$ cat final13.cif   # mmCIF, C-alpha atoms and all ligand atoms
data_final
loop_
_atom_site.label_atom_id
_atom_site.label_comp_id
_atom_site.auth_asym_id
_atom_site.auth_seq_id
_atom_site.Cartn_x
_atom_site.Cartn_y
_atom_site.Cartn_z
CA MET L 13 0.00 0.00 0.00
CA SER L 14 1.38 3.38 -1.02
CA ASP L 15 2.16 6.08 1.56
CA ILE L 16 0.41 8.63 -0.66
CA LEU L 17 -2.94 7.82 -2.26
CA VAL L 18 -4.44 9.78 -5.16
CA GLU L 19 -8.05 9.56 -6.27
CA LYS L 20 -9.48 11.69 -9.09
CA SER L 21 -13.16 12.27 -9.68
CA GLU L 22 -15.29 15.04 -11.23
CA GLY L 23 -12.25 17.32 -11.68
CA VAL L 24 -11.14 16.99 -8.05
CA ALA L 25 -7.99 15.10 -7.02
CA VAL L 26 -7.89 13.89 -3.42
CA VAL L 27 -4.36 13.28 -2.12
CA THR L 28 -4.26 11.25 1.10
CA LEU L 29 -1.22 10.89 3.36
CA ASN L 30 -1.49 7.22 4.17
CA ARG L 31 0.48 6.09 7.22
CA PRO L 32 -2.32 6.10 9.79
CA GLN L 33 -0.38 3.86 12.23
CA GLN L 34 2.29 6.58 12.41
CA ARG L 35 -0.29 9.39 12.42
CA ASN L 36 0.65 10.00 8.77
CA ALA L 37 4.16 11.17 9.68
CA VAL L 38 5.80 12.27 6.44
CA THR L 39 8.96 10.43 5.37
CA PHE L 40 11.75 11.85 3.20
CA GLU L 41 10.44 9.80 0.27
CA MET L 42 6.96 11.21 0.82
CA TRP L 43 8.21 14.83 0.71
CA ARG L 44 9.83 14.01 -2.62
CA GLY L 45 6.74 12.20 -3.87
CA LEU L 46 4.45 15.10 -2.95
CA ALA L 47 6.62 17.58 -4.89
CA GLU L 48 6.48 15.42 -8.00
CA LEU L 49 2.76 14.75 -7.66
CA PHE L 50 1.75 18.40 -7.33
CA ARG L 51 4.00 19.45 -10.22
CA ASP L 52 2.19 16.86 -12.34
CA PHE L 53 -1.23 18.25 -11.38
CA ASP L 54 -0.29 21.47 -13.16
CA LYS L 55 -0.12 19.58 -16.45
CA ASP L 56 -3.23 17.45 -15.84
CA ALA L 57 -6.22 19.09 -17.57
CA ASP L 58 -8.60 16.64 -15.86
CA VAL L 59 -7.70 18.05 -12.44
CA ARG L 60 -9.41 21.37 -11.66
CA SER L 61 -8.71 21.43 -7.91
CA VAL L 62 -6.84 19.37 -5.31
CA ILE L 63 -7.66 18.30 -1.74
CA LEU L 64 -4.89 17.22 0.65
CA THR L 65 -5.91 15.11 3.64
CA GLY L 66 -4.77 12.28 5.92
CA ALA L 67 -5.95 8.68 6.31
CA GLY L 68 -7.58 7.69 9.58
CA SER L 69 -7.95 10.09 12.46
CA ASP L 70 -5.24 12.67 11.63
CA PHE L 71 -4.04 15.02 8.94
CA SER L 72 -0.42 14.35 9.93
CA ALA L 73 1.88 14.58 12.95
CA GLY L 74 4.57 16.17 10.76
CA ALA L 75 7.94 14.97 9.55
CA ASP L 76 8.80 11.38 10.46
CA ILE L 77 11.15 11.99 13.38
CA SER L 78 12.13 8.32 13.55
CA GLU L 79 14.28 8.72 10.41
CA PHE L 80 16.02 11.91 11.60
CA ASP L 81 19.05 10.10 13.09
CA GLU L 82 19.65 8.39 9.80
CA ILE L 83 18.88 11.11 7.24
CA ARG L 84 18.68 14.43 9.13
CA GLY L 85 21.54 13.86 11.54
CA GLY L 86 23.84 16.85 10.91
CA ALA L 87 23.82 20.28 9.29
CA GLU L 88 24.44 19.02 5.74
CA GLU L 89 21.84 16.26 5.95
CA SER L 90 19.39 18.69 7.53
CA LYS L 91 19.86 21.09 4.64
CA ARG L 92 19.19 18.35 2.09
CA TYR L 93 16.13 17.29 4.06
CA GLU L 94 14.74 20.83 4.27
CA VAL L 95 15.22 21.31 0.51
CA ALA L 96 12.91 18.32 0.01
CA VAL L 97 10.38 19.71 2.52
CA ASP L 98 10.36 23.13 0.84
CA ALA L 99 10.10 21.55 -2.61
CA ALA L 100 6.93 19.76 -1.51
CA GLY L 101 5.47 22.89 0.11
CA ASP L 102 6.35 25.05 -2.85
CA ALA L 103 4.96 22.58 -5.39
CA ILE L 104 1.64 22.64 -3.51
CA TYR L 105 1.75 26.42 -3.14
CA GLY L 106 2.66 26.90 -6.79
CA VAL L 107 0.18 24.56 -8.46
CA SER L 108 -2.03 26.77 -10.61
CA LYS L 109 -5.30 25.25 -9.31
CA PRO L 110 -7.22 25.70 -6.06
CA THR L 111 -5.94 23.53 -3.21
CA ILE L 112 -7.71 22.71 0.06
CA ALA L 113 -6.33 21.00 3.15
CA ALA L 114 -9.02 18.89 4.87
CA ILE L 115 -7.78 18.60 8.45
CA ARG L 116 -8.87 16.29 11.24
CA GLY L 117 -6.86 15.30 14.30
CA TYR L 118 -3.21 16.33 14.50
CA CYS L 119 -1.67 18.84 12.09
CA LEU L 120 1.81 19.46 13.47
CA GLY L 121 5.18 20.78 12.36
CA GLY L 122 5.91 19.89 8.74
CA ALA L 123 2.26 18.96 8.29
CA ALA L 124 1.33 22.54 9.17
CA HIS L 125 3.67 23.55 6.34
CA LEU L 126 1.77 21.27 3.95
CA ALA L 127 -1.56 22.68 5.14
CA MET L 128 -0.34 26.27 4.87
CA SER L 129 0.85 25.59 1.33
CA CYS L 130 -2.78 24.98 0.33
CA ASP L 131 -5.06 27.88 -0.59
CA PHE L 132 -7.62 26.93 2.08
CA ARG L 133 -7.74 24.94 5.35
CA ILE L 134 -10.98 23.37 6.55
CA ALA L 135 -10.73 21.80 10.01
CA GLU L 136 -12.81 19.45 12.09
CA ARG L 137 -13.81 20.80 15.49
CA GLY L 138 -11.34 18.62 17.40
CA ALA L 139 -8.29 19.26 15.19
CA VAL L 140 -4.99 20.05 16.93
CA PHE L 141 -2.46 22.39 15.38
CA GLY L 142 1.07 23.26 16.42
CA ILE L 143 4.64 23.78 15.29
CA PRO L 144 6.87 22.05 17.85
CA ALA L 145 10.17 22.95 16.13
CA ALA L 146 11.35 24.68 19.34
CA ARG L 147 10.99 21.36 21.18
CA LEU L 148 13.46 19.76 18.72
CA SER L 149 15.91 22.66 18.30
CA ILE L 150 14.92 23.09 14.67
CA VAL L 151 14.49 26.47 12.98
CA TYR L 152 11.21 26.20 11.08
CA GLY L 153 12.11 26.77 7.40
CA VAL L 154 11.99 30.14 5.63
CA SER L 155 9.29 29.14 3.17
CA ALA L 156 7.05 27.68 5.88
CA THR L 157 7.61 30.60 8.25
CA ARG L 158 6.74 33.06 5.52
CA LYS L 159 3.49 31.21 4.88
CA LEU L 160 2.72 31.23 8.61
CA PHE L 161 3.43 34.96 8.81
CA SER L 162 1.19 35.75 5.84
CA LEU L 163 -1.68 33.75 7.38
CA VAL L 164 -1.57 34.77 11.04
CA GLY L 165 0.58 37.94 11.25
CA ILE L 166 3.84 38.51 13.04
CA THR L 167 2.79 38.42 16.70
CA GLU L 168 0.72 35.26 16.40
CA ALA L 169 3.47 33.62 14.30
CA LYS L 170 5.99 34.40 17.04
CA ARG L 171 3.63 33.08 19.70
CA ILE L 172 3.14 29.81 17.77
CA LEU L 173 6.88 29.33 17.09
CA TYR L 174 8.36 30.51 20.41
CA SER L 175 5.85 28.64 22.58
CA ALA L 176 5.61 25.48 20.43
CA ASN L 177 2.19 25.12 22.07
CA ARG L 178 -0.63 23.27 20.40
CA PHE L 179 -3.87 25.06 19.59
CA GLY L 180 -7.34 23.90 18.59
CA THR L 181 -9.72 24.62 15.76
CA GLU L 182 -11.37 27.62 17.45
CA ASP L 183 -8.00 29.32 17.86
CA ALA L 184 -7.01 28.36 14.31
CA ILE L 185 -10.12 30.10 12.99
CA ARG L 186 -9.53 33.11 15.22
CA ASN L 187 -5.88 33.55 14.22
CA GLY L 188 -6.45 32.91 10.51
CA PHE L 189 -4.64 29.59 10.23
CA ALA L 190 -7.87 27.82 9.25
CA ASP L 191 -10.72 29.36 7.29
CA GLY L 192 -13.50 26.82 7.72
CA VAL L 193 -14.93 24.33 10.21
CA ALA L 194 -16.93 21.25 9.26
CA ASP L 195 -18.12 18.01 10.85
CA ASP L 196 -17.09 16.15 7.68
CA VAL L 197 -14.04 17.99 6.37
CA LEU L 198 -13.58 15.88 3.27
CA GLN L 199 -17.17 16.40 2.21
CA ALA L 200 -16.91 20.15 2.90
CA ALA L 201 -13.63 20.34 0.97
CA LYS L 202 -15.17 18.49 -1.99
CA GLU L 203 -18.15 20.86 -2.07
CA ARG L 204 -15.86 23.89 -2.03
CA ALA L 205 -13.57 22.34 -4.67
CA ARG L 206 -16.48 21.55 -7.01
CA SER L 207 -17.96 25.04 -6.68
CA MET L 208 -14.64 26.58 -7.73
CA ALA L 209 -14.10 24.01 -10.48
CA ALA L 210 -17.10 25.45 -12.36
CA ASN L 211 -15.37 28.84 -12.70
CA ALA L 212 -12.85 29.89 -15.32
CA PRO L 213 -9.49 28.14 -14.62
CA LEU L 214 -7.46 30.97 -16.17
CA SER L 215 -9.13 33.52 -13.86
CA ILE L 216 -8.32 31.38 -10.83
CA SER L 217 -4.72 30.63 -11.82
CA GLY L 218 -4.14 34.34 -12.56
CA ALA L 219 -5.61 35.39 -9.22
CA LYS L 220 -3.55 32.75 -7.44
CA PHE L 221 -0.32 33.87 -9.08
CA ILE L 222 -0.93 37.52 -8.17
CA LEU L 223 -2.08 36.83 -4.59
CA ASN L 224 0.74 34.37 -3.88
CA GLY L 225 3.16 36.96 -5.21
CA CYS L 226 1.67 39.55 -2.82
CA ALA L 227 1.96 37.09 0.10
CA LYS L 228 5.56 36.16 -0.77
CA GLY L 229 6.63 39.74 -1.38
CA GLU L 230 8.14 38.57 -4.67
CA PHE L 231 6.21 39.57 -7.69
CA ASP L 232 6.95 39.05 -11.38
CA PRO L 233 4.82 41.72 -13.10
CA ALA L 234 5.71 40.40 -16.58
CA GLU L 235 4.31 36.96 -15.74
CA ALA L 236 1.18 38.56 -14.26
CA GLU L 237 0.70 40.54 -17.49
CA ARG L 238 1.19 37.36 -19.51
CA LEU L 239 -1.52 35.57 -17.50
CA ILE L 240 -3.89 38.54 -17.86
CA ASP L 241 -3.31 38.64 -21.63
CA GLU L 242 -3.69 34.86 -21.92
CA ALA L 243 -7.11 35.05 -20.23
CA SER L 244 -8.19 38.00 -22.42
CA ALA L 245 -7.31 36.06 -25.59
CA SER L 246 -8.83 32.78 -24.41
CA HIS L 247 -11.71 30.66 -25.65
CA ASP L 248 -13.10 30.91 -22.11
CA TYR L 249 -13.34 34.71 -22.22
CA ALA L 250 -15.44 34.45 -25.41
CA GLU L 251 -17.47 31.66 -23.83
CA GLY L 252 -18.06 33.71 -20.65
CA ARG L 253 -19.44 36.63 -22.69
CA LYS L 254 -21.54 34.35 -24.91
CA ALA L 255 -23.00 32.49 -21.92
CA PHE L 256 -23.88 35.80 -20.28
CA SER L 257 -25.77 37.02 -23.35
CA GLU L 258 -27.50 33.66 -23.81
CA LYS L 259 -28.42 33.59 -20.08
CA ARG L 260 -26.89 30.14 -19.47
CA PRO L 261 -24.02 28.82 -17.32
CA PRO L 262 -20.63 29.01 -19.06
CA ARG L 263 -18.71 25.88 -20.03
CA PHE L 264 -15.06 26.68 -19.42
CA LEU L 265 -12.20 24.67 -20.90
CA GLY L 266 -9.24 26.34 -19.22
CA ARG L 267 -7.85 27.73 -22.45
N1 LIG L 301 7.32 10.91 13.43
C1 LIG L 301 7.40 9.59 13.56
N2 LIG L 301 6.49 8.83 14.18
C2 LIG L 301 5.44 9.47 14.72
C3 LIG L 301 5.28 10.86 14.64
C4 LIG L 301 6.28 11.60 13.95
N3 LIG L 301 6.20 12.92 13.77
N4 LIG L 301 4.15 11.20 15.27
C5 LIG L 301 3.60 10.06 15.72
N5 LIG L 301 4.37 9.01 15.38
C6 LIG L 301 4.17 7.60 15.71
C7 LIG L 301 4.48 7.32 17.17
O1 LIG L 301 5.86 7.14 17.35
C8 LIG L 301 3.68 6.06 17.40
O2 LIG L 301 4.37 4.98 16.85
P1 LIG L 301 4.47 3.59 17.66
O3 LIG L 301 3.04 3.12 17.75
O4 LIG L 301 5.33 2.74 16.80
O5 LIG L 301 5.05 3.93 18.99
C9 LIG L 301 2.43 6.29 16.53
O6 LIG L 301 2.80 7.28 15.57
C10 LIG L 301 1.24 6.81 17.30
O7 LIG L 301 1.63 7.98 17.98
P2 LIG L 301 1.62 8.12 19.60
O8 LIG L 301 2.72 9.06 19.98
O9 LIG L 301 1.61 6.79 20.25
O10 LIG L 301 0.20 8.82 19.78
P3 LIG L 301 -0.24 9.81 20.95
O11 LIG L 301 -1.70 9.99 20.78
O12 LIG L 301 0.29 9.38 22.26
O13 LIG L 301 0.52 11.20 20.59
C11 LIG L 301 1.27 12.98 19.12
C12 LIG L 301 0.26 11.84 19.33
C13 LIG L 301 1.05 13.52 17.71
C14 LIG L 301 1.03 14.08 20.16
C15 LIG L 301 2.70 12.43 19.31
O14 LIG L 301 2.83 11.29 18.49
C16 LIG L 301 3.77 13.42 18.91
O15 LIG L 301 4.10 14.31 19.67
N6 LIG L 301 4.34 13.24 17.69
C17 LIG L 301 5.43 14.08 17.22
C18 LIG L 301 4.88 15.42 16.78
C19 LIG L 301 5.99 16.33 16.31
O16 LIG L 301 6.87 16.73 17.05
N7 LIG L 301 5.91 16.67 15.01
C20 LIG L 301 6.82 17.60 14.42
C21 LIG L 301 7.80 16.92 13.57
S1 LIG L 301 8.72 18.13 12.66
#
$ encode --input "final13.cif" --output "structure tokens"
Amino acid sequence: MSDILVEKSEGVAVVTLNRPQQRNAVTFEMWRGLAELFRDFDKDADVRSVILTGAGSDFSAGADISEFDEIRGGAEESKRYEVAVDAAGDAIYGVSKPTIAAIRGYCLGGAAHLAMSCDFRIAERGAVFGIPAARLSIVYGVSATRKLFSLVGITEAKRILYSANRFGTEDAIRNGFADGVADDVLQAAKERARSMAANAPLSISGAKFILNGCAKGEFDPAEAERLIDEASASHDYAEGRKAFSEKRPPRFLGR
């Protein structure tokens, strides 16, 4: 059985971290697999949005600490490990389609990075969040810390990182880490994914590029212009106008 499961249906891909006995702790191979998987979603026209979740009772308890002695033992190995973690986070963050983390149970450390790399985070009432890097003498990575800062602001980010304390769903909603609560997170994530999948993909990917650029503080205006022009010259722009005048829902193709 694979450690990462992928199921595609009605334009929505559901990616499931699948090590429930280890609370879906993410191994080095899984970080690498996630990066590859999300890069492939960009090229897959059948996928309009992606949900990331965990098998069993948890989203994930973070990086698999049991392999740290072997593959994250010293400074050099740690660097190589963190490159793989950031590659996974950045592939999720960069995929040009809406992404939703469906979170139940624990969402800790590196798993919080995965969740923050998604566009949205829907949590079950009993979910438990936290970044215990300060309990392991690890500096949480630059890419992950930047995502945390852009979601919760500087004071809350410092509180989360300095204290290493866990917090629940109510606090996650209050501080901006999560943006939705549901009794059945997967169902809620699917409903949200499907509602966005009906809209024009080029509009969404353009908005995502611009907003992610704002959040990162790194913006490529030429690429933003290219995306704006691509949408203006697209089949979907003509279809959107035609559907409006014919008073019917548009059928977008993403080109
Ligand atoms: N890495 C490796 N294994 C992990 C893990 C992790 N991050 N988190 C949980 N597991 C394993 C446990 O070792 C245990 O394995 P075992 O049954 O072989 O002993 C199994 O998953 C179940 O976890 P357990 O600790 O028994 O459950 P619990 O309910 O008592 O505690 C947690 C749950 C999440 C609070 C606890 O497992 C924990 O603190 N995990 C580490 C969290 C962390 O520091 N993550 C950040 C990593 S960067």
$ residues_near_ligand --input "final13.cif" --ligand "ligand LIG 301 (chain L)" --cutoff "7 Å" --atoms "only C-alpha atoms and all ligand atoms" --output "mmCIF file with C-alpha atoms, in the frame of the given file"
data_model
loop_
_atom_site.group_PDB
_atom_site.id
_atom_site.type_symbol
_atom_site.label_atom_id
_atom_site.label_comp_id
_atom_site.auth_asym_id
_atom_site.auth_seq_id
_atom_site.Cartn_x
_atom_site.Cartn_y
_atom_site.Cartn_z
ATOM 1 C CA GLN L 33 -0.380 3.860 12.230
ATOM 2 C CA GLN L 34 2.290 6.580 12.410
ATOM 3 C CA ARG L 35 -0.290 9.390 12.420
ATOM 4 C CA ALA L 37 4.160 11.170 9.680
ATOM 5 C CA ALA L 73 1.880 14.580 12.950
ATOM 6 C CA GLY L 74 4.570 16.170 10.760
ATOM 7 C CA ALA L 75 7.940 14.970 9.550
ATOM 8 C CA ASP L 76 8.800 11.380 10.460
ATOM 9 C CA ILE L 77 11.150 11.990 13.380
ATOM 10 C CA SER L 78 12.130 8.320 13.550
ATOM 11 C CA TYR L 118 -3.210 16.330 14.500
ATOM 12 C CA LEU L 120 1.810 19.460 13.470
ATOM 13 C CA GLY L 121 5.180 20.780 12.360
ATOM 14 C CA GLY L 122 5.910 19.890 8.740
ATOM 15 C CA ILE L 143 4.640 23.780 15.290
ATOM 16 C CA PRO L 144 6.870 22.050 17.850
ATOM 17 C CA ALA L 145 10.170 22.950 16.130
#
$ residues_around --input "final13.cif" --residues "range 199-205 of chain L" --least-positions-apart "4" --cutoff "10 Å" --atoms "all atoms listed in the file" --output "number ranges by chain"
L: 22-26, 60-65, 109-115, 132-135, 192-195, 209-210
$ write_last_selection --input "final13.cif" --atoms "C-alpha atoms" --output "PDB file, keeping the file's coordinate frame"
ATOM      1  CA  GLU L  22     -15.290  15.040 -11.230  1.00  0.00           C
ATOM      2  CA  GLY L  23     -12.250  17.320 -11.680  1.00  0.00           C
ATOM      3  CA  VAL L  24     -11.140  16.990  -8.050  1.00  0.00           C
ATOM      4  CA  ALA L  25      -7.990  15.100  -7.020  1.00  0.00           C
ATOM      5  CA  VAL L  26      -7.890  13.890  -3.420  1.00  0.00           C
ATOM      6  CA  ARG L  60      -9.410  21.370 -11.660  1.00  0.00           C
ATOM      7  CA  SER L  61      -8.710  21.430  -7.910  1.00  0.00           C
ATOM      8  CA  VAL L  62      -6.840  19.370  -5.310  1.00  0.00           C
ATOM      9  CA  ILE L  63      -7.660  18.300  -1.740  1.00  0.00           C
ATOM     10  CA  LEU L  64      -4.890  17.220   0.650  1.00  0.00           C
ATOM     11  CA  THR L  65      -5.910  15.110   3.640  1.00  0.00           C
ATOM     12  CA  LYS L 109      -5.300  25.250  -9.310  1.00  0.00           C
ATOM     13  CA  PRO L 110      -7.220  25.700  -6.060  1.00  0.00           C
ATOM     14  CA  THR L 111      -5.940  23.530  -3.210  1.00  0.00           C
ATOM     15  CA  ILE L 112      -7.710  22.710   0.060  1.00  0.00           C
ATOM     16  CA  ALA L 113      -6.330  21.000   3.150  1.00  0.00           C
ATOM     17  CA  ALA L 114      -9.020  18.890   4.870  1.00  0.00           C
ATOM     18  CA  ILE L 115      -7.780  18.600   8.450  1.00  0.00           C
ATOM     19  CA  PHE L 132      -7.620  26.930   2.080  1.00  0.00           C
ATOM     20  CA  ARG L 133      -7.740  24.940   5.350  1.00  0.00           C
ATOM     21  CA  ILE L 134     -10.980  23.370   6.550  1.00  0.00           C
ATOM     22  CA  ALA L 135     -10.730  21.800  10.010  1.00  0.00           C
ATOM     23  CA  GLY L 192     -13.500  26.820   7.720  1.00  0.00           C
ATOM     24  CA  VAL L 193     -14.930  24.330  10.210  1.00  0.00           C
ATOM     25  CA  ALA L 194     -16.930  21.250   9.260  1.00  0.00           C
ATOM     26  CA  ASP L 195     -18.120  18.010  10.850  1.00  0.00           C
ATOM     27  CA  ALA L 209     -14.100  24.010 -10.480  1.00  0.00           C
ATOM     28  CA  ALA L 210     -17.100  25.450 -12.360  1.00  0.00           C
TER      29      ALA L 210
END
$ closest_atom_pairs --input "final13.cif" --of "range 29-145 of chain L" --to "range 228-247 of chain L" --cutoff "12 Å" --atoms "all atoms listed in the file" --output "CSV"
residue,atom,partner,partner_atom,distance
L:Asp102,CA,L:Lys228,CA,11.3
L:Tyr105,CA,L:Lys228,CA,10.7
L:Gly106,CA,L:Lys228,CA,11.4
L:Ser108,CA,L:Leu239,CA,11.2
L:Ser129,CA,L:Lys228,CA,11.8
$ write_last_selection --input "final13.cif" --atoms "C-alpha atoms" --output "JSON list (two decimals), keeping the file's coordinate frame"
[["chain", "number", "residue", "atom", "x", "y", "z"],
["L", 102, "ASP", "CA", 6.35, 25.05, -2.85],
["L", 105, "TYR", "CA", 1.75, 26.42, -3.14],
["L", 106, "GLY", "CA", 2.66, 26.90, -6.79],
["L", 108, "SER", "CA", -2.03, 26.77, -10.61],
["L", 129, "SER", "CA", 0.85, 25.59, 1.33]]
$ closest_residue --input "final13.cif" --among "L:Phe50, L:Ile104, L:Ser21, L:Phe40" --to "Glu82 in chain L" --atoms "only C-alpha atoms"
L:Phe40
$ closest_residue --input "final13.cif" --among "L:Arg147, L:Gly142, L:Ser90, L:Phe161" --to "Asn177 in chain L" --atoms "all atoms listed in the file"
L:Gly142
$ closest_residue --input "final13.cif" --among "L:Phe53, L:Phe179, L:Trp43, L:Phe221" --to "Ala123 in chain L" --atoms "all atoms listed in the file"
L:Trp43
$ decode --input "final13.cif" --residues "range 242-251 of chain L" --atoms "all heavy atoms" --output "mmCIF file, in the first residue's frame"
data_model
loop_
_atom_site.group_PDB
_atom_site.id
_atom_site.type_symbol
_atom_site.label_atom_id
_atom_site.label_comp_id
_atom_site.auth_asym_id
_atom_site.auth_seq_id
_atom_site.Cartn_x
_atom_site.Cartn_y
_atom_site.Cartn_z
ATOM 1 N N GLU L 242 -3.275 36.211 -21.525
ATOM 2 C CA GLU L 242 -3.695 34.861 -21.921
ATOM 3 C C GLU L 242 -5.199 34.686 -21.680
ATOM 4 O O GLU L 242 -5.924 34.156 -22.536
ATOM 5 C CB GLU L 242 -2.897 33.821 -21.109
ATOM 6 C CG GLU L 242 -3.181 32.383 -21.511
ATOM 7 C CD GLU L 242 -2.471 31.379 -20.604
ATOM 8 O OE1 GLU L 242 -2.038 31.738 -19.489
ATOM 9 O OE2 GLU L 242 -2.378 30.215 -21.027
ATOM 10 N N ALA L 243 -5.669 35.165 -20.537
ATOM 11 C CA ALA L 243 -7.106 35.048 -20.234
ATOM 12 C C ALA L 243 -7.926 35.893 -21.207
ATOM 13 O O ALA L 243 -8.985 35.464 -21.692
ATOM 14 C CB ALA L 243 -7.370 35.464 -18.792
ATOM 15 N N SER L 244 -7.430 37.097 -21.526
ATOM 16 C CA SER L 244 -8.186 37.998 -22.419
ATOM 17 C C SER L 244 -8.302 37.440 -23.835
ATOM 18 O O SER L 244 -9.242 37.767 -24.562
ATOM 19 C CB SER L 244 -7.504 39.370 -22.483
ATOM 20 O OG SER L 244 -7.489 39.945 -21.199
ATOM 21 N N ALA L 245 -7.309 36.625 -24.222
ATOM 22 C CA ALA L 245 -7.310 36.062 -25.588
ATOM 23 C C ALA L 245 -7.903 34.654 -25.611
ATOM 24 O O ALA L 245 -7.868 33.980 -26.643
ATOM 25 C CB ALA L 245 -5.871 36.033 -26.116
ATOM 26 N N SER L 246 -8.473 34.204 -24.511
ATOM 27 C CA SER L 246 -8.830 32.780 -24.407
ATOM 28 C C SER L 246 -10.210 32.459 -24.990
ATOM 29 O O SER L 246 -11.088 33.330 -25.091
ATOM 30 C CB SER L 246 -8.801 32.345 -22.935
ATOM 31 O OG SER L 246 -9.845 32.977 -22.215
ATOM 32 N N HIS L 247 -10.388 31.197 -25.309
ATOM 33 C CA HIS L 247 -11.709 30.663 -25.651
ATOM 34 C C HIS L 247 -12.684 30.954 -24.508
ATOM 35 O O HIS L 247 -13.837 31.333 -24.724
ATOM 36 C CB HIS L 247 -11.595 29.151 -25.869
ATOM 37 C CG HIS L 247 -12.895 28.424 -25.727
ATOM 38 N ND1 HIS L 247 -13.422 28.062 -24.494
ATOM 39 C CD2 HIS L 247 -13.811 28.027 -26.649
ATOM 40 C CE1 HIS L 247 -14.597 27.474 -24.666
ATOM 41 N NE2 HIS L 247 -14.847 27.424 -25.971
ATOM 42 N N ASP L 248 -12.207 30.791 -23.264
ATOM 43 C CA ASP L 248 -13.101 30.911 -22.112
ATOM 44 C C ASP L 248 -13.638 32.330 -21.940
ATOM 45 O O ASP L 248 -14.763 32.512 -21.449
ATOM 46 C CB ASP L 248 -12.386 30.466 -20.823
ATOM 47 C CG ASP L 248 -12.285 28.949 -20.726
ATOM 48 O OD1 ASP L 248 -12.842 28.263 -21.604
ATOM 49 O OD2 ASP L 248 -11.653 28.457 -19.777
ATOM 50 N N TYR L 249 -12.853 33.328 -22.327
ATOM 51 C CA TYR L 249 -13.344 34.707 -22.220
ATOM 52 C C TYR L 249 -14.510 34.909 -23.198
ATOM 53 O O TYR L 249 -15.551 35.477 -22.857
ATOM 54 C CB TYR L 249 -12.194 35.676 -22.503
ATOM 55 C CG TYR L 249 -12.572 37.141 -22.454
ATOM 56 C CD1 TYR L 249 -13.358 37.664 -21.419
ATOM 57 C CD2 TYR L 249 -12.132 38.016 -23.449
ATOM 58 C CE1 TYR L 249 -13.697 39.003 -21.391
ATOM 59 C CE2 TYR L 249 -12.470 39.360 -23.424
ATOM 60 C CZ TYR L 249 -13.259 39.852 -22.390
ATOM 61 O OH TYR L 249 -13.595 41.172 -22.366
ATOM 62 N N ALA L 250 -14.346 34.369 -24.429
ATOM 63 C CA ALA L 250 -15.436 34.447 -25.410
ATOM 64 C C ALA L 250 -16.652 33.671 -24.911
ATOM 65 O O ALA L 250 -17.801 34.133 -25.004
ATOM 66 C CB ALA L 250 -14.956 33.901 -26.759
ATOM 67 N N GLU L 251 -16.384 32.497 -24.345
ATOM 68 C CA GLU L 251 -17.470 31.655 -23.831
ATOM 69 C C GLU L 251 -18.201 32.355 -22.677
ATOM 70 O O GLU L 251 -19.431 32.324 -22.606
ATOM 71 C CB GLU L 251 -16.896 30.300 -23.379
ATOM 72 C CG GLU L 251 -17.765 29.463 -22.465
ATOM 73 C CD GLU L 251 -19.067 28.971 -23.108
ATOM 74 O OE1 GLU L 251 -19.272 29.185 -24.323
ATOM 75 O OE2 GLU L 251 -19.907 28.409 -22.356
#
